>>> print(open('protein.cif').read())   # mmCIF, C-alpha atoms
data_my_file
#
loop_
_atom_site.label_atom_id
_atom_site.label_comp_id
_atom_site.auth_asym_id
_atom_site.auth_seq_id
_atom_site.Cartn_x
_atom_site.Cartn_y
_atom_site.Cartn_z
CA MET M 502 15.35 4.03 -12.08
CA ASN M 503 12.69 6.60 -11.21
CA GLU M 504 13.45 7.94 -7.71
CA ILE M 505 10.33 10.05 -7.19
CA PRO M 506 8.20 7.14 -5.80
CA SER M 507 10.80 6.48 -3.08
CA TYR M 508 10.85 10.19 -2.19
CA ILE M 509 7.04 10.18 -1.98
CA TYR M 510 7.11 7.00 0.14
CA TRP M 511 9.48 8.55 2.69
CA LEU M 512 7.63 11.86 2.59
CA THR M 513 4.37 10.03 3.36
CA ARG M 514 5.96 8.30 6.33
CA THR M 515 7.50 11.54 7.61
CA THR M 516 4.23 13.43 7.24
CA PHE M 517 2.25 10.76 9.06
CA VAL M 518 4.76 10.73 11.92
CA PHE M 519 4.50 14.53 12.12
CA LEU M 520 0.69 14.37 12.07
CA ALA M 521 0.75 11.73 14.83
CA LEU M 522 2.96 14.00 16.96
CA CYS M 523 0.54 16.87 16.37
CA PHE M 524 -2.41 14.71 17.44
CA VAL M 525 -0.50 13.71 20.58
CA ALA M 526 -0.05 17.43 21.25
CA VAL M 527 -3.79 17.94 20.70
CA ALA M 528 -4.54 15.21 23.23
CA PHE M 529 -2.06 16.15 25.96
CA LEU M 530 -1.67 19.93 25.60
CA PRO M 531 -5.19 21.39 25.47
CA GLN M 532 -3.92 24.97 25.75
CA SER M 533 -1.96 24.65 22.48
CA ARG M 534 -4.72 22.93 20.46
CA PRO M 535 -5.11 25.74 17.88
CA ILE M 536 -1.36 25.60 17.13
CA ALA M 537 -1.45 21.81 16.72
CA PHE M 538 -4.58 21.95 14.53
CA GLY M 539 -2.95 24.67 12.39
CA MET M 540 0.14 22.52 11.95
CA ILE M 541 -2.03 19.50 11.07
CA ILE M 542 -3.90 21.39 8.36
CA GLY M 543 -0.70 23.06 7.04
CA SER M 544 1.34 19.87 6.79
CA ALA M 545 -1.56 17.96 5.20
CA VAL M 546 -1.98 20.68 2.57
CA SER M 547 1.77 20.72 2.00
CA TYR M 548 1.77 16.94 1.48
CA ILE M 549 -1.12 17.10 -1.01
CA ASN M 550 0.63 19.91 -2.91
CA THR M 551 3.87 17.95 -3.10
CA LYS M 552 2.13 14.80 -4.39
CA TYR M 553 0.40 16.87 -7.06
CA LEU M 554 3.73 18.46 -8.00
CA ALA M 555 5.37 15.01 -8.28
CA LYS M 556 2.63 13.91 -10.68
CA LYS M 557 3.02 17.05 -12.81
CA VAL M 558 6.84 16.73 -12.89
CA SER M 559 6.54 13.09 -13.99
CA MET M 560 4.10 14.05 -16.75
CA MET M 561 6.32 16.89 -17.94
CA THR M 562 9.57 14.90 -18.04
CA GLU M 563 7.79 11.98 -19.72
CA ALA M 564 6.54 14.36 -22.39
CA ALA M 565 10.05 15.80 -22.83
CA ALA M 566 11.57 12.32 -23.19
CA THR M 567 8.99 10.99 -25.66
CA GLY M 568 8.44 14.23 -27.59
CA ARG M 569 4.70 14.17 -26.98
CA ARG M 570 2.58 17.07 -25.88
CA GLY M 571 2.92 17.58 -22.12
CA PRO M 572 1.02 19.57 -19.50
CA LYS M 573 0.97 23.33 -19.99
CA GLY M 574 2.15 24.14 -16.48
CA LEU M 575 3.15 22.68 -13.15
CA GLY M 576 -0.20 23.39 -11.50
CA PHE M 577 0.89 26.33 -9.38
CA ALA M 578 -2.59 27.88 -9.41
CA GLN M 579 -4.21 24.71 -8.04
CA ARG M 580 -1.59 24.38 -5.29
CA ALA M 581 -1.84 28.04 -4.36
CA ALA M 582 -5.65 27.70 -4.28
CA ILE M 583 -5.47 24.76 -1.85
CA SER M 584 -3.09 26.75 0.40
CA ILE M 585 -5.34 29.82 0.26
CA GLY M 586 -8.30 27.61 1.17
CA ALA M 587 -6.46 26.47 4.30
CA VAL M 588 -5.56 30.06 5.20
CA VAL M 589 -9.15 31.24 4.70
CA LEU M 590 -10.23 28.42 7.01
CA ALA M 591 -7.79 29.71 9.65
CA ILE M 592 -8.96 33.32 9.18
CA GLU M 593 -12.62 32.29 9.51
CA PHE M 594 -12.06 30.10 12.59
CA PRO M 595 -9.20 31.70 14.54
CA HIS M 596 -10.25 29.95 17.77
CA LEU M 597 -9.68 26.55 16.09
CA PHE M 598 -6.60 27.15 13.91
CA GLU M 599 -3.55 29.30 14.67
CA ILE M 600 -2.78 31.02 11.36
CA HIS M 601 0.96 31.46 11.93
CA ALA M 602 1.43 27.78 12.72
CA LEU M 603 -0.52 26.93 9.57
CA ALA M 604 1.55 29.30 7.41
CA GLY M 605 4.79 27.93 8.83
CA SER M 606 3.86 24.31 8.31
CA LEU M 607 2.91 24.93 4.66
CA VAL M 608 6.63 24.58 3.89
CA PHE M 609 6.88 21.29 5.81
CA ALA M 610 7.04 19.01 2.74
CA PRO M 611 9.64 20.98 0.70
CA PHE M 612 12.03 21.10 3.65
CA ALA M 613 11.33 17.45 4.50
CA LEU M 614 12.21 16.62 0.88
CA ILE M 615 15.67 18.16 1.31
CA VAL M 616 16.35 16.02 4.39
CA ILE M 617 14.95 12.91 2.67
CA GLY M 618 17.07 13.62 -0.41
CA TYR M 619 20.19 13.96 1.72
CA PHE M 620 19.60 10.61 3.44
CA LEU M 621 18.60 8.81 0.23
CA SER M 622 21.68 10.06 -1.64
CA ARG M 623 23.91 9.09 1.30
CA HIS M 624 22.32 5.62 1.36
CA GLU M 625 22.83 5.28 -2.41
CA ARG M 626 26.49 6.37 -2.11
CA ASP M 627 27.10 3.87 0.71
CA ASN M 628 25.53 1.10 -1.39
CA SER M 629 27.65 1.94 -4.43
CA ASP M 630 30.81 2.07 -2.24
CA ASN M 631 29.98 -1.37 -0.84
CA GLU M 632 29.46 -2.80 -4.33
CA ARG M 633 32.78 -1.36 -5.48
CA GLY M 634 34.50 -2.78 -2.37
CA GLU M 635 33.11 -6.24 -3.09
CA LYS M 636 34.30 -6.05 -6.67
CA ASN M 637 37.81 -5.00 -5.57
CA ALA M 638 38.06 -7.68 -2.88
CA MET X 55 -2.03 50.57 8.93
CA GLY X 56 -4.69 49.86 6.25
CA ALA X 57 -2.94 51.22 3.17
CA LEU X 58 0.46 49.96 4.27
CA ALA X 59 -0.98 46.48 4.84
CA PHE X 60 -2.34 46.42 1.30
CA LEU X 61 1.05 47.61 -0.01
CA ALA X 62 2.82 44.89 1.97
CA ALA X 63 0.43 42.26 0.58
CA ALA X 64 1.01 43.47 -2.98
CA ILE X 65 4.81 43.47 -2.57
CA ALA X 66 4.80 39.99 -0.98
CA VAL X 67 2.74 38.49 -3.80
CA GLY X 68 4.39 40.41 -6.64
CA LEU X 69 8.04 39.90 -5.76
CA GLY X 70 7.41 36.28 -4.71
CA ALA X 71 5.74 35.53 -8.04
CA LEU X 72 8.52 37.30 -9.97
CA GLY X 73 11.30 35.31 -8.30
CA ALA X 74 9.42 32.03 -8.56
CA GLY X 75 8.61 32.65 -12.21
CA ILE X 76 12.25 33.23 -13.12
CA GLY X 77 13.43 30.29 -11.00
CA ASN X 78 10.82 27.87 -12.31
CA GLY X 79 11.49 28.89 -15.88
CA LEU X 80 15.21 28.23 -15.48
CA ILE X 81 14.66 24.86 -13.75
CA VAL X 82 12.14 23.53 -16.24
CA SER X 83 13.99 24.76 -19.33
CA LYS X 84 17.31 23.26 -18.24
CA THR X 85 15.67 19.98 -17.24
CA VAL X 86 13.81 19.61 -20.52
CA GLU X 87 16.98 20.53 -22.42
CA GLY X 88 18.97 17.94 -20.45
CA ILE X 89 16.38 15.21 -21.04
CA ALA X 90 16.24 16.01 -24.76
CA ARG X 91 20.04 15.76 -25.01
CA GLN X 92 20.42 12.70 -22.79
CA PRO X 93 17.16 10.73 -22.32
CA GLU X 94 18.88 8.06 -20.16
CA ALA X 95 19.49 10.74 -17.46
CA LYS X 96 15.74 11.33 -17.16
CA ALA X 97 15.37 9.78 -13.69
CA THR X 98 18.11 11.88 -12.09
CA LEU X 99 17.00 15.11 -13.76
CA GLN X 100 13.38 14.40 -12.83
CA THR X 101 14.26 14.04 -9.14
CA VAL X 102 16.38 17.20 -9.11
CA MET X 103 13.59 19.10 -10.86
CA PHE X 104 11.02 17.81 -8.35
CA ILE X 105 13.02 18.99 -5.34
CA GLY X 106 14.01 22.27 -7.02
CA VAL X 107 10.51 23.22 -8.11
CA GLY X 108 9.12 22.22 -4.71
CA LEU X 109 11.54 24.55 -2.96
CA VAL X 110 11.16 27.42 -5.41
CA GLU X 111 7.37 27.31 -5.30
CA ALA X 112 7.23 27.22 -1.52
CA LEU X 113 8.21 30.88 -1.47
CA PRO X 114 5.36 32.39 -3.55
CA ILE X 115 2.85 30.19 -1.71
CA ILE X 116 4.11 31.61 1.57
CA GLY X 117 3.96 35.08 -0.05
CA VAL X 118 0.32 34.57 -0.97
CA VAL X 119 -0.44 33.31 2.54
CA LEU X 120 1.30 36.32 4.11
CA ALA X 121 -0.63 38.61 1.77
CA PHE X 122 -3.89 37.08 3.00
CA ILE X 123 -2.78 37.56 6.60
CA PHE X 124 -1.95 41.24 5.90
CA TYR X 125 -5.24 41.63 4.06
CA ALA X 126 -7.17 40.18 7.00
CA ALA X 127 -5.29 42.42 9.44
CA ALA X 128 -6.00 45.59 7.42
#
>>> encode(input="protein.cif", output="structure tokens")
Amino acid sequence: MNEIPSYIYWLTRTTFVFLALCFVAVAFLPQSRPIAFGMIIGSAVSYINTKYLAKKVSMMTEAAATGRRGPKGLGFAQRAAISIGAVVLAIEFPHLFEIHALAGSLVFAPFALIVIGYFLSRHERDNSDNERGEKNA
Amino acid sequence: MGALAFLAAAIAVGLGALGAGIGNGLIVSKTVEGIARQPEAKATLQTVMFIGVGLVEALPIIGVVLAFIFYAAA
């Protein structure tokens, strides 16, 4: 079974929860609005990059399995360009976006994927243990 | 500050790209090799490759971002 869609599903939920928290911060902490806006832009860019990477990885492994011609790369240039676009936005409008918050939240999705992977693999192991227990009983 | 900022930007981008290039090459080559040997393990290898490439490529992207910050500060 292909596990990438379930990773993307949980990543989407996690990102939206994070974005909601950032918007709450925007609403209730006016003095830290640039930080919250920077984190919003950074995590959104990180999410888009990760979805694009998932598509490229699926295309590449499909090509390897079927022996057909696959994509030439993993789209690093496009992802770097999107990130640079966000940083240029923060450099141009420093009163709106805090650049360090933006740079830090650009790694939101990769680190969220580690946590999601840990919980999904634990869930899968628990399920397989339960099935084995039922078979033994 | 100006020249050193440019040097810092160049080092951040260059070394980040070097490490990510080596890491990505290893991940993709081993995954493709594994799928070619054992096509039924495609799903597992695909997931591991997705997480691995995501983590490895986070570093050069941060390097590029830091380089832009240094460049803007110079």
>>> resolve_selection(input="protein.cif", expression="the PyMOL selection byres ((chain X) within 8 of (chain M))", output="list in words")
Thr85, Val86, Ile89, Ala90, Pro93, Lys96, Ala97, Thr98, Gln100, Thr101, Met103, Phe104, Ile105, Gly108, Leu109, Glu111, Ala112, Ile115, Ile116, Val118, Val119, Leu120, Phe122, Ile123 and Ala126 of chain X
>>> residues_around(input="protein.cif", residues="M:Val527", least_positions_apart="2", cutoff="12 Å", atoms="all atoms listed in the file", output="count of residues only")
21
>>> closest_residue(input="protein.cif", among="X:Ala71, X:Leu99, X:Leu58, X:Ala63", to="X:Pro114", atoms="only C-alpha atoms")
X:Ala71
>>> axis_aligned_box(input="protein.cif", around="stretch 618-636 of chain M", padding_each_side="6 Å", output="lines of an AutoDock Vina configuration file")
center_x = 25.8
center_y = 3.9
center_z = -1.6
size_x = 29.4
size_y = 32.2
size_z = 22.1
>>> closest_residue(input="protein.cif", among="M:Lys552, M:Glu599, M:Gly574, M:Leu621", to="X:Gly75", atoms="all atoms listed in the file")
M:Gly574
>>> atom_distance(input="protein.cif", atom1="atom CA of M:Val546", atom2="atom CA of M:Met560")
21.3 Å
>>> closest_residue(input="protein.cif", among="X:Leu61, X:Gly88, X:Val102, X:Phe124", to="M:Ser622", atoms="all atoms listed in the file")
X:Val102
>>> closest_residue(input="protein.cif", among="X:Ala57, X:Val107, X:Ala95, X:Ala62", to="X:Ile76", atoms="all atoms listed in the file")
X:Val107
>>> decode(input="protein.cif", residues="stretch 609-638 of chain M", atoms="N, CA, C and O atoms", output="PDB file, in the first residue's frame")
ATOM      1  N   PHE M 609       9.406  23.603   8.620  1.00  0.00           N
ATOM      2  CA  PHE M 609       8.286  23.074   9.408  1.00  0.00           C
ATOM      3  C   PHE M 609       7.847  21.695   8.885  1.00  0.00           C
ATOM      4  O   PHE M 609       7.737  20.733   9.661  1.00  0.00           O
ATOM      5  N   ALA M 610       7.610  21.596   7.584  1.00  0.00           N
ATOM      6  CA  ALA M 610       7.064  20.341   7.028  1.00  0.00           C
ATOM      7  C   ALA M 610       8.033  19.158   7.147  1.00  0.00           C
ATOM      8  O   ALA M 610       7.603  18.075   7.548  1.00  0.00           O
ATOM      9  N   PRO M 611       9.342  19.304   6.831  1.00  0.00           N
ATOM     10  CA  PRO M 611      10.234  18.154   7.002  1.00  0.00           C
ATOM     11  C   PRO M 611      10.275  17.628   8.434  1.00  0.00           C
ATOM     12  O   PRO M 611      10.263  16.415   8.652  1.00  0.00           O
ATOM     13  N   PHE M 612      10.290  18.541   9.410  1.00  0.00           N
ATOM     14  CA  PHE M 612      10.329  18.066  10.801  1.00  0.00           C
ATOM     15  C   PHE M 612       8.971  17.507  11.233  1.00  0.00           C
ATOM     16  O   PHE M 612       8.918  16.556  12.006  1.00  0.00           O
ATOM     17  N   ALA M 613       7.896  18.090  10.706  1.00  0.00           N
ATOM     18  CA  ALA M 613       6.570  17.524  11.000  1.00  0.00           C
ATOM     19  C   ALA M 613       6.463  16.119  10.410  1.00  0.00           C
ATOM     20  O   ALA M 613       5.832  15.247  11.009  1.00  0.00           O
ATOM     21  N   LEU M 614       7.094  15.904   9.254  1.00  0.00           N
ATOM     22  CA  LEU M 614       7.042  14.570   8.631  1.00  0.00           C
ATOM     23  C   LEU M 614       7.710  13.511   9.507  1.00  0.00           C
ATOM     24  O   LEU M 614       7.256  12.362   9.535  1.00  0.00           O
ATOM     25  N   ILE M 615       8.780  13.880  10.204  1.00  0.00           N
ATOM     26  CA  ILE M 615       9.448  12.918  11.091  1.00  0.00           C
ATOM     27  C   ILE M 615       8.489  12.508  12.207  1.00  0.00           C
ATOM     28  O   ILE M 615       8.329  11.320  12.500  1.00  0.00           O
ATOM     29  N   VAL M 616       7.840  13.501  12.811  1.00  0.00           N
ATOM     30  CA  VAL M 616       6.914  13.208  13.920  1.00  0.00           C
ATOM     31  C   VAL M 616       5.740  12.373  13.407  1.00  0.00           C
ATOM     32  O   VAL M 616       5.344  11.375  14.027  1.00  0.00           O
ATOM     33  N   ILE M 617       5.207  12.749  12.237  1.00  0.00           N
ATOM     34  CA  ILE M 617       4.083  12.004  11.657  1.00  0.00           C
ATOM     35  C   ILE M 617       4.518  10.569  11.348  1.00  0.00           C
ATOM     36  O   ILE M 617       3.780   9.611  11.617  1.00  0.00           O
ATOM     37  N   GLY M 618       5.715  10.426  10.801  1.00  0.00           N
ATOM     38  CA  GLY M 618       6.218   9.081  10.490  1.00  0.00           C
ATOM     39  C   GLY M 618       6.357   8.233  11.736  1.00  0.00           C
ATOM     40  O   GLY M 618       6.027   7.038  11.727  1.00  0.00           O
ATOM     41  N   TYR M 619       6.833   8.843  12.823  1.00  0.00           N
ATOM     42  CA  TYR M 619       6.974   8.104  14.080  1.00  0.00           C
ATOM     43  C   TYR M 619       5.612   7.602  14.554  1.00  0.00           C
ATOM     44  O   TYR M 619       5.453   6.424  14.892  1.00  0.00           O
ATOM     45  N   PHE M 620       4.599   8.486  14.552  1.00  0.00           N
ATOM     46  CA  PHE M 620       3.278   8.082  15.043  1.00  0.00           C
ATOM     47  C   PHE M 620       2.619   7.077  14.111  1.00  0.00           C
ATOM     48  O   PHE M 620       1.974   6.128  14.573  1.00  0.00           O
ATOM     49  N   LEU M 621       2.787   7.260  12.793  1.00  0.00           N
ATOM     50  CA  LEU M 621       2.167   6.316  11.854  1.00  0.00           C
ATOM     51  C   LEU M 621       2.802   4.932  11.972  1.00  0.00           C
ATOM     52  O   LEU M 621       2.103   3.917  11.927  1.00  0.00           O
ATOM     53  N   SER M 622       4.127   4.885  12.135  1.00  0.00           N
ATOM     54  CA  SER M 622       4.777   3.569  12.242  1.00  0.00           C
ATOM     55  C   SER M 622       4.414   2.905  13.573  1.00  0.00           C
ATOM     56  O   SER M 622       4.252   1.684  13.644  1.00  0.00           O
ATOM     57  N   ARG M 623       4.261   3.716  14.635  1.00  0.00           N
ATOM     58  CA  ARG M 623       3.843   3.141  15.919  1.00  0.00           C
ATOM     59  C   ARG M 623       2.416   2.584  15.817  1.00  0.00           C
ATOM     60  O   ARG M 623       2.123   1.495  16.304  1.00  0.00           O
ATOM     61  N   HIS M 624       1.544   3.329  15.135  1.00  0.00           N
ATOM     62  CA  HIS M 624       0.159   2.899  14.940  1.00  0.00           C
ATOM     63  C   HIS M 624       0.122   1.594  14.141  1.00  0.00           C
ATOM     64  O   HIS M 624      -0.608   0.653  14.486  1.00  0.00           O
ATOM     65  N   GLU M 625       0.960   1.536  13.087  1.00  0.00           N
ATOM     66  CA  GLU M 625       1.003   0.333  12.243  1.00  0.00           C
ATOM     67  C   GLU M 625       1.509  -0.870  13.044  1.00  0.00           C
ATOM     68  O   GLU M 625       0.977  -1.967  12.936  1.00  0.00           O
ATOM     69  N   ARG M 626       2.537  -0.627  13.897  1.00  0.00           N
ATOM     70  CA  ARG M 626       3.090  -1.723  14.712  1.00  0.00           C
ATOM     71  C   ARG M 626       2.056  -2.217  15.728  1.00  0.00           C
ATOM     72  O   ARG M 626       1.899  -3.428  15.916  1.00  0.00           O
ATOM     73  N   ASP M 627       1.323  -1.277  16.330  1.00  0.00           N
ATOM     74  CA  ASP M 627       0.272  -1.670  17.284  1.00  0.00           C
ATOM     75  C   ASP M 627      -0.797  -2.504  16.594  1.00  0.00           C
ATOM     76  O   ASP M 627      -1.266  -3.511  17.121  1.00  0.00           O
ATOM     77  N   ASN M 628      -1.185  -2.066  15.371  1.00  0.00           N
ATOM     78  CA  ASN M 628      -2.202  -2.813  14.623  1.00  0.00           C
ATOM     79  C   ASN M 628      -1.728  -4.219  14.293  1.00  0.00           C
ATOM     80  O   ASN M 628      -2.476  -5.187  14.435  1.00  0.00           O
ATOM     81  N   SER M 629      -0.454  -4.336  13.857  1.00  0.00           N
ATOM     82  CA  SER M 629       0.046  -5.673  13.491  1.00  0.00           C
ATOM     83  C   SER M 629       0.183  -6.548  14.743  1.00  0.00           C
ATOM     84  O   SER M 629      -0.085  -7.749  14.686  1.00  0.00           O
ATOM     85  N   ASP M 630       0.541  -5.956  15.893  1.00  0.00           N
ATOM     86  CA  ASP M 630       0.608  -6.728  17.148  1.00  0.00           C
ATOM     87  C   ASP M 630      -0.777  -7.241  17.542  1.00  0.00           C
ATOM     88  O   ASP M 630      -0.931  -8.384  17.949  1.00  0.00           O
ATOM     89  N   ASN M 631      -1.806  -6.375  17.383  1.00  0.00           N
ATOM     90  CA  ASN M 631      -3.162  -6.781  17.710  1.00  0.00           C
ATOM     91  C   ASN M 631      -3.622  -7.937  16.828  1.00  0.00           C
ATOM     92  O   ASN M 631      -4.214  -8.907  17.297  1.00  0.00           O
ATOM     93  N   GLU M 632      -3.314  -7.819  15.508  1.00  0.00           N
ATOM     94  CA  GLU M 632      -3.717  -8.898  14.594  1.00  0.00           C
ATOM     95  C   GLU M 632      -3.044 -10.206  14.972  1.00  0.00           C
ATOM     96  O   GLU M 632      -3.654 -11.268  14.974  1.00  0.00           O
ATOM     97  N   ARG M 633      -1.756 -10.120  15.319  1.00  0.00           N
ATOM     98  CA  ARG M 633      -1.035 -11.348  15.707  1.00  0.00           C
ATOM     99  C   ARG M 633      -1.616 -11.945  17.005  1.00  0.00           C
ATOM    100  O   ARG M 633      -1.771 -13.137  17.131  1.00  0.00           O
ATOM    101  N   GLY M 634      -1.996 -11.043  17.934  1.00  0.00           N
ATOM    102  CA  GLY M 634      -2.586 -11.499  19.195  1.00  0.00           C
ATOM    103  C   GLY M 634      -3.894 -12.214  18.972  1.00  0.00           C
ATOM    104  O   GLY M 634      -4.173 -13.252  19.573  1.00  0.00           O
ATOM    105  N   GLU M 635      -4.710 -11.667  18.019  1.00  0.00           N
ATOM    106  CA  GLU M 635      -5.994 -12.311  17.730  1.00  0.00           C
ATOM    107  C   GLU M 635      -5.792 -13.669  17.083  1.00  0.00           C
ATOM    108  O   GLU M 635      -6.517 -14.621  17.360  1.00  0.00           O
ATOM    109  N   LYS M 636      -4.758 -13.757  16.243  1.00  0.00           N
ATOM    110  CA  LYS M 636      -4.502 -15.045  15.600  1.00  0.00           C
ATOM    111  C   LYS M 636      -4.055 -16.087  16.626  1.00  0.00           C
ATOM    112  O   LYS M 636      -4.410 -17.256  16.548  1.00  0.00           O
ATOM    113  N   ASN M 637      -3.203 -15.643  17.609  1.00  0.00           N
ATOM    114  CA  ASN M 637      -2.701 -16.574  18.610  1.00  0.00           C
ATOM    115  C   ASN M 637      -3.793 -17.014  19.577  1.00  0.00           C
ATOM    116  O   ASN M 637      -3.781 -18.132  20.074  1.00  0.00           O
ATOM    117  N   ALA M 638      -4.748 -16.095  19.849  1.00  0.00           N
ATOM    118  CA  ALA M 638      -5.772 -16.406  20.864  1.00  0.00           C
ATOM    119  C   ALA M 638      -6.766 -17.464  20.378  1.00  0.00           C
ATOM    120  O   ALA M 638      -6.934 -17.705  19.231  1.00  0.00           O
TER     121      ALA M 638
END
